[in-house]
>>> print(open('structure_34.pdb').read())   # PDB, N, CA and C atoms
ATOM      1  N   MET A   1       0.844  -1.177   0.000
ATOM      2  CA  MET A   1       0.000   0.000   0.000
ATOM      3  C   MET A   1       0.888   1.239   0.000
ATOM      4  N   THR A   2       0.643   2.132  -0.898
ATOM      5  CA  THR A   2       1.428   3.350  -1.026
ATOM      6  C   THR A   2       0.558   4.546  -0.690
ATOM      7  N   TYR A   3       1.101   5.426   0.131
ATOM      8  CA  TYR A   3       0.404   6.656   0.482
ATOM      9  C   TYR A   3       1.056   7.794  -0.285
ATOM     10  N   ASP A   4       0.280   8.525  -1.065
ATOM     11  CA  ASP A   4       0.794   9.646  -1.835
ATOM     12  C   ASP A   4       0.568  10.934  -1.053
ATOM     13  N   ASP A   5       1.631  11.446  -0.486
ATOM     14  CA  ASP A   5       1.566  12.677   0.289
ATOM     15  C   ASP A   5       1.658  13.860  -0.669
ATOM     16  N   PRO A   6       0.667  14.738  -0.689
ATOM     17  CA  PRO A   6       0.678  15.858  -1.628
ATOM     18  C   PRO A   6       1.823  16.836  -1.370
ATOM     19  N   ILE A   7       2.270  16.982  -0.139
ATOM     20  CA  ILE A   7       3.383  17.885   0.151
ATOM     21  C   ILE A   7       4.673  17.319  -0.431
ATOM     22  N   ILE A   8       4.887  16.019  -0.256
ATOM     23  CA  ILE A   8       6.078  15.376  -0.817
ATOM     24  C   ILE A   8       6.041  15.464  -2.342
ATOM     25  N   ALA A   9       4.880  15.259  -2.926
ATOM     26  CA  ALA A   9       4.748  15.350  -4.388
ATOM     27  C   ALA A   9       5.094  16.761  -4.870
ATOM     28  N   GLU A  10       4.646  17.775  -4.122
ATOM     29  CA  GLU A  10       4.941  19.160  -4.495
ATOM     30  C   GLU A  10       6.444  19.438  -4.394
ATOM     31  N   LEU A  11       7.077  18.941  -3.333
ATOM     32  CA  LEU A  11       8.524  19.133  -3.187
ATOM     33  C   LEU A  11       9.298  18.445  -4.297
ATOM     34  N   ARG A  12       8.882  17.241  -4.652
ATOM     35  CA  ARG A  12       9.556  16.514  -5.732
ATOM     36  C   ARG A  12       9.400  17.235  -7.065
ATOM     37  N   LYS A  13       8.223  17.815  -7.304
ATOM     38  CA  LYS A  13       8.001  18.567  -8.546
ATOM     39  C   LYS A  13       8.879  19.810  -8.561
ATOM     40  N   PHE A  14       8.960  20.513  -7.429
ATOM     41  CA  PHE A  14       9.818  21.694  -7.344
ATOM     42  C   PHE A  14      11.264  21.313  -7.623
ATOM     43  N   ARG A  15      11.723  20.224  -7.000
ATOM     44  CA  ARG A  15      13.105  19.763  -7.194
ATOM     45  C   ARG A  15      13.363  19.424  -8.656
ATOM     46  N   GLU A  16      12.437  18.742  -9.268
ATOM     47  CA  GLU A  16      12.570  18.367 -10.686
ATOM     48  C   GLU A  16      12.600  19.604 -11.576
ATOM     49  N   ASP A  17      11.686  20.539 -11.334
ATOM     50  CA  ASP A  17      11.635  21.763 -12.141
ATOM     51  C   ASP A  17      12.899  22.596 -11.967
ATOM     52  N   TYR A  18      13.391  22.676 -10.725
ATOM     53  CA  TYR A  18      14.606  23.450 -10.459
ATOM     54  C   TYR A  18      15.796  22.821 -11.180
ATOM     55  N   ALA A  19      15.955  21.519 -11.078
ATOM     56  CA  ALA A  19      17.071  20.832 -11.739
ATOM     57  C   ALA A  19      16.983  20.983 -13.258
ATOM     58  N   ALA A  20      15.782  20.919 -13.798
ATOM     59  CA  ALA A  20      15.602  21.042 -15.245
ATOM     60  C   ALA A  20      16.024  22.428 -15.743
ATOM     61  N   GLN A  21      15.841  23.466 -14.905
ATOM     62  CA  GLN A  21      16.252  24.823 -15.293
ATOM     63  C   GLN A  21      17.751  24.883 -15.589
ATOM     64  N   PHE A  22      18.514  24.017 -14.940
ATOM     65  CA  PHE A  22      19.969  24.029 -15.077
ATOM     66  C   PHE A  22      20.472  22.805 -15.837
ATOM     67  N   ASN A  23      19.561  22.181 -16.567
ATOM     68  CA  ASN A  23      19.913  20.999 -17.347
ATOM     69  C   ASN A  23      20.578  19.925 -16.469
ATOM     70  N   TYR A  24      20.114  19.834 -15.218
ATOM     71  CA  TYR A  24      20.575  18.834 -14.252
ATOM     72  C   TYR A  24      22.068  18.950 -13.946
ATOM     73  N   ASP A  25      22.623  20.161 -14.118
ATOM     74  CA  ASP A  25      24.037  20.417 -13.846
ATOM     75  C   ASP A  25      24.176  20.838 -12.380
ATOM     76  N   ILE A  26      24.736  19.949 -11.560
ATOM     77  CA  ILE A  26      24.813  20.202 -10.125
ATOM     78  C   ILE A  26      25.670  21.424  -9.813
ATOM     79  N   ALA A  27      26.752  21.637 -10.563
ATOM     80  CA  ALA A  27      27.603  22.804 -10.324
ATOM     81  C   ALA A  27      26.826  24.095 -10.580
ATOM     82  N   ALA A  28      26.033  24.125 -11.632
ATOM     83  CA  ALA A  28      25.228  25.309 -11.940
ATOM     84  C   ALA A  28      24.177  25.544 -10.858
ATOM     85  N   MET A  29      23.585  24.476 -10.350
ATOM     86  CA  MET A  29      22.593  24.620  -9.276
ATOM     87  C   MET A  29      23.247  25.172  -8.018
ATOM     88  N   CYS A  30      24.438  24.668  -7.679
ATOM     89  CA  CYS A  30      25.154  25.154  -6.497
ATOM     90  C   CYS A  30      25.513  26.629  -6.649
ATOM     91  N   ASN A  31      25.971  27.009  -7.832
ATOM     92  CA  ASN A  31      26.288  28.418  -8.085
ATOM     93  C   ASN A  31      25.060  29.299  -7.919
ATOM     94  N   ASP A  32      23.925  28.835  -8.403
ATOM     95  CA  ASP A  32      22.689  29.598  -8.274
ATOM     96  C   ASP A  32      22.284  29.731  -6.806
ATOM     97  N   LEU A  33      22.419  28.665  -6.054
ATOM     98  CA  LEU A  33      22.055  28.717  -4.634
ATOM     99  C   LEU A  33      22.988  29.650  -3.862
ATOM    100  N   ARG A  34      24.274  29.617  -4.176
ATOM    101  CA  ARG A  34      25.219  30.536  -3.522
ATOM    102  C   ARG A  34      24.877  31.985  -3.847
ATOM    103  N   ALA A  35      24.581  32.253  -5.100
ATOM    104  CA  ALA A  35      24.210  33.610  -5.505
ATOM    105  C   ALA A  35      22.932  34.049  -4.797
ATOM    106  N   SER A  36      21.985  33.138  -4.664
ATOM    107  CA  SER A  36      20.737  33.436  -3.978
ATOM    108  C   SER A  36      20.984  33.765  -2.507
ATOM    109  N   GLU A  37      21.894  33.031  -1.868
ATOM    110  CA  GLU A  37      22.236  33.313  -0.471
ATOM    111  C   GLU A  37      22.793  34.730  -0.338
ATOM    112  N   GLN A  38      23.661  35.121  -1.255
ATOM    113  CA  GLN A  38      24.250  36.460  -1.190
ATOM    114  C   GLN A  38      23.217  37.546  -1.474
ATOM    115  N   ARG A  39      22.356  37.315  -2.464
ATOM    116  CA  ARG A  39      21.319  38.307  -2.794
ATOM    117  C   ARG A  39      20.387  38.534  -1.614
ATOM    118  N   ASN A  40      20.088  37.472  -0.882
ATOM    119  CA  ASN A  40      19.136  37.559   0.217
ATOM    120  C   ASN A  40      19.789  37.934   1.536
ATOM    121  N   GLY A  41      21.111  38.102   1.529
ATOM    122  CA  GLY A  41      21.808  38.519   2.734
ATOM    123  C   GLY A  41      21.940  37.440   3.791
ATOM    124  N   HIS A  42      21.804  36.190   3.407
ATOM    125  CA  HIS A  42      21.952  35.104   4.369
ATOM    126  C   HIS A  42      23.418  34.955   4.745
ATOM    127  N   GLN A  43      23.663  34.766   6.021
ATOM    128  CA  GLN A  43      25.026  34.564   6.480
ATOM    129  C   GLN A  43      25.448  33.131   6.168
ATOM    130  N   THR A  44      26.626  32.988   5.598
ATOM    131  CA  THR A  44      27.140  31.656   5.306
ATOM    132  C   THR A  44      28.404  31.423   6.120
ATOM    133  N   VAL A  45      28.698  30.171   6.363
ATOM    134  CA  VAL A  45      29.862  29.786   7.143
ATOM    135  C   VAL A  45      30.766  28.950   6.265
ATOM    136  N   SER A  46      32.042  29.286   6.248
ATOM    137  CA  SER A  46      33.027  28.490   5.525
ATOM    138  C   SER A  46      33.966  27.873   6.548
ATOM    139  N   LEU A  47      34.003  26.572   6.589
ATOM    140  CA  LEU A  47      34.871  25.866   7.520
ATOM    141  C   LEU A  47      36.142  25.462   6.811
ATOM    142  N   SER A  48      37.252  25.542   7.519
ATOM    143  CA  SER A  48      38.501  25.101   6.918
ATOM    144  C   SER A  48      38.483  23.574   6.842
ATOM    145  N   PRO A  49      39.113  23.031   5.821
ATOM    146  CA  PRO A  49      39.100  21.574   5.683
ATOM    147  C   PRO A  49      39.884  20.915   6.815
ATOM    148  N   LYS A  50      39.440  19.742   7.203
ATOM    149  CA  LYS A  50      40.140  18.980   8.232
ATOM    150  C   LYS A  50      41.385  18.362   7.621
ATOM    151  N   PRO A  51      42.438  18.216   8.412
ATOM    152  CA  PRO A  51      43.655  17.613   7.863
ATOM    153  C   PRO A  51      43.411  16.153   7.491
ATOM    154  N   TYR A  52      44.061  15.743   6.431
ATOM    155  CA  TYR A  52      43.927  14.363   5.968
ATOM    156  C   TYR A  52      44.771  13.450   6.849
ATOM    157  N   LEU A  53      44.177  12.362   7.271
ATOM    158  CA  LEU A  53      44.916  11.324   7.991
ATOM    159  C   LEU A  53      44.908  10.071   7.139
ATOM    160  N   SER A  54      46.080   9.506   6.954
ATOM    161  CA  SER A  54      46.139   8.231   6.245
ATOM    162  C   SER A  54      45.490   7.180   7.140
ATOM    163  N   PRO A  55      45.087   6.042   6.586
ATOM    164  CA  PRO A  55      44.478   5.009   7.422
ATOM    165  C   PRO A  55      45.371   4.597   8.592
ATOM    166  N   SER A  56      46.681   4.487   8.374
ATOM    167  CA  SER A  56      47.551   4.083   9.482
ATOM    168  C   SER A  56      47.593   5.154  10.572
ATOM    169  N   GLN A  57      47.588   6.442  10.179
ATOM    170  CA  GLN A  57      47.557   7.513  11.173
ATOM    171  C   GLN A  57      46.235   7.490  11.936
ATOM    172  N   PHE A  58      45.148   7.284  11.208
ATOM    173  CA  PHE A  58      43.831   7.273  11.836
ATOM    174  C   PHE A  58      43.747   6.165  12.872
ATOM    175  N   PHE A  59      44.138   4.951  12.500
ATOM    176  CA  PHE A  59      44.013   3.831  13.421
ATOM    177  C   PHE A  59      45.011   3.948  14.563
ATOM    178  N   HIS A  60      46.177   4.520  14.307
ATOM    179  CA  HIS A  60      47.164   4.723  15.376
ATOM    180  C   HIS A  60      46.581   5.709  16.391
ATOM    181  N   ASP A  61      45.980   6.795  15.911
ATOM    182  CA  ASP A  61      45.374   7.780  16.807
ATOM    183  C   ASP A  61      44.224   7.171  17.589
ATOM    184  N   GLU A  62      43.417   6.324  16.952
ATOM    185  CA  GLU A  62      42.314   5.657  17.637
ATOM    186  C   GLU A  62      42.830   4.788  18.773
ATOM    187  N   GLU A  63      43.914   4.057  18.537
ATOM    188  CA  GLU A  63      44.474   3.198  19.584
ATOM    189  C   GLU A  63      44.964   4.021  20.755
ATOM    190  N   ASN A  64      45.571   5.168  20.472
ATOM    191  CA  ASN A  64      46.072   6.030  21.553
ATOM    192  C   ASN A  64      44.937   6.618  22.369
ATOM    193  N   ARG A  65      43.817   6.943  21.722
ATOM    194  CA  ARG A  65      42.669   7.521  22.436
ATOM    195  C   ARG A  65      41.965   6.505  23.305
ATOM    196  N   SER A  66      41.957   5.244  22.890
ATOM    197  CA  SER A  66      41.230   4.237  23.656
ATOM    198  C   SER A  66      42.062   3.691  24.821
ATOM    199  N   GLY A  67      43.312   4.132  24.954
ATOM    200  CA  GLY A  67      44.126   3.707  26.073
ATOM    201  C   GLY A  67      44.817   2.380  25.843
ATOM    202  N   ASN A  68      44.823   1.850  24.614
ATOM    203  CA  ASN A  68      45.485   0.565  24.338
ATOM    204  C   ASN A  68      46.943   0.744  24.075
TER     205      ASN A  68
END
>>> encode(input="structure_34.pdb", output="structure tokens")
Amino acid sequence: MTYDDPIIAELRKFREDYAAQFNYDIAAMCNDLRASEQRNGHQTVSLSPKPYLSPSQFFHDEENRSGN
């Protein structure tokens, strides 16, 4: 049995229509959303990337934290 929620259907249609405007190009959609954030004055946060740990560094650090 499937329940068709009209709100979910509306959101899916909006998502489909929005993606179609940009020919399903995710980079173009992201650029549009960023521009929209700036136009509307929304505050955005940019976090610095976390340092990369190789698997051996990660597991070595895990062992040190667990007290082994």
>>> resolve_selection(input="structure_34.pdb", expression="the PyMOL selection byres (((chain A and resi 2-18 and name CA) around 12) and name CA)", output="ChimeraX atom specification")
/A:1,19-26,28-30,32-33
>>> atom_distance(input="structure_34.pdb", atom1="atom N of Ser36 in chain A", atom2="atom C of Lys50 in chain A")
27.3 Å
>>> atom_distance(input="structure_34.pdb", atom1="atom C of Glu37 in chain A", atom2="atom C of Pro49 in chain A")
23.1 Å
>>> atom_distance(input="structure_34.pdb", atom1="CA of Asn31 in chain A", atom2="CA of Ser48 in chain A")
19.6 Å
>>> select_by_dssp(input="structure_34.pdb", residues="chain A", states="alpha helix (DSSP H)", output="PyMOL selection string")
chain A and resi 6-21+26-39+55-65
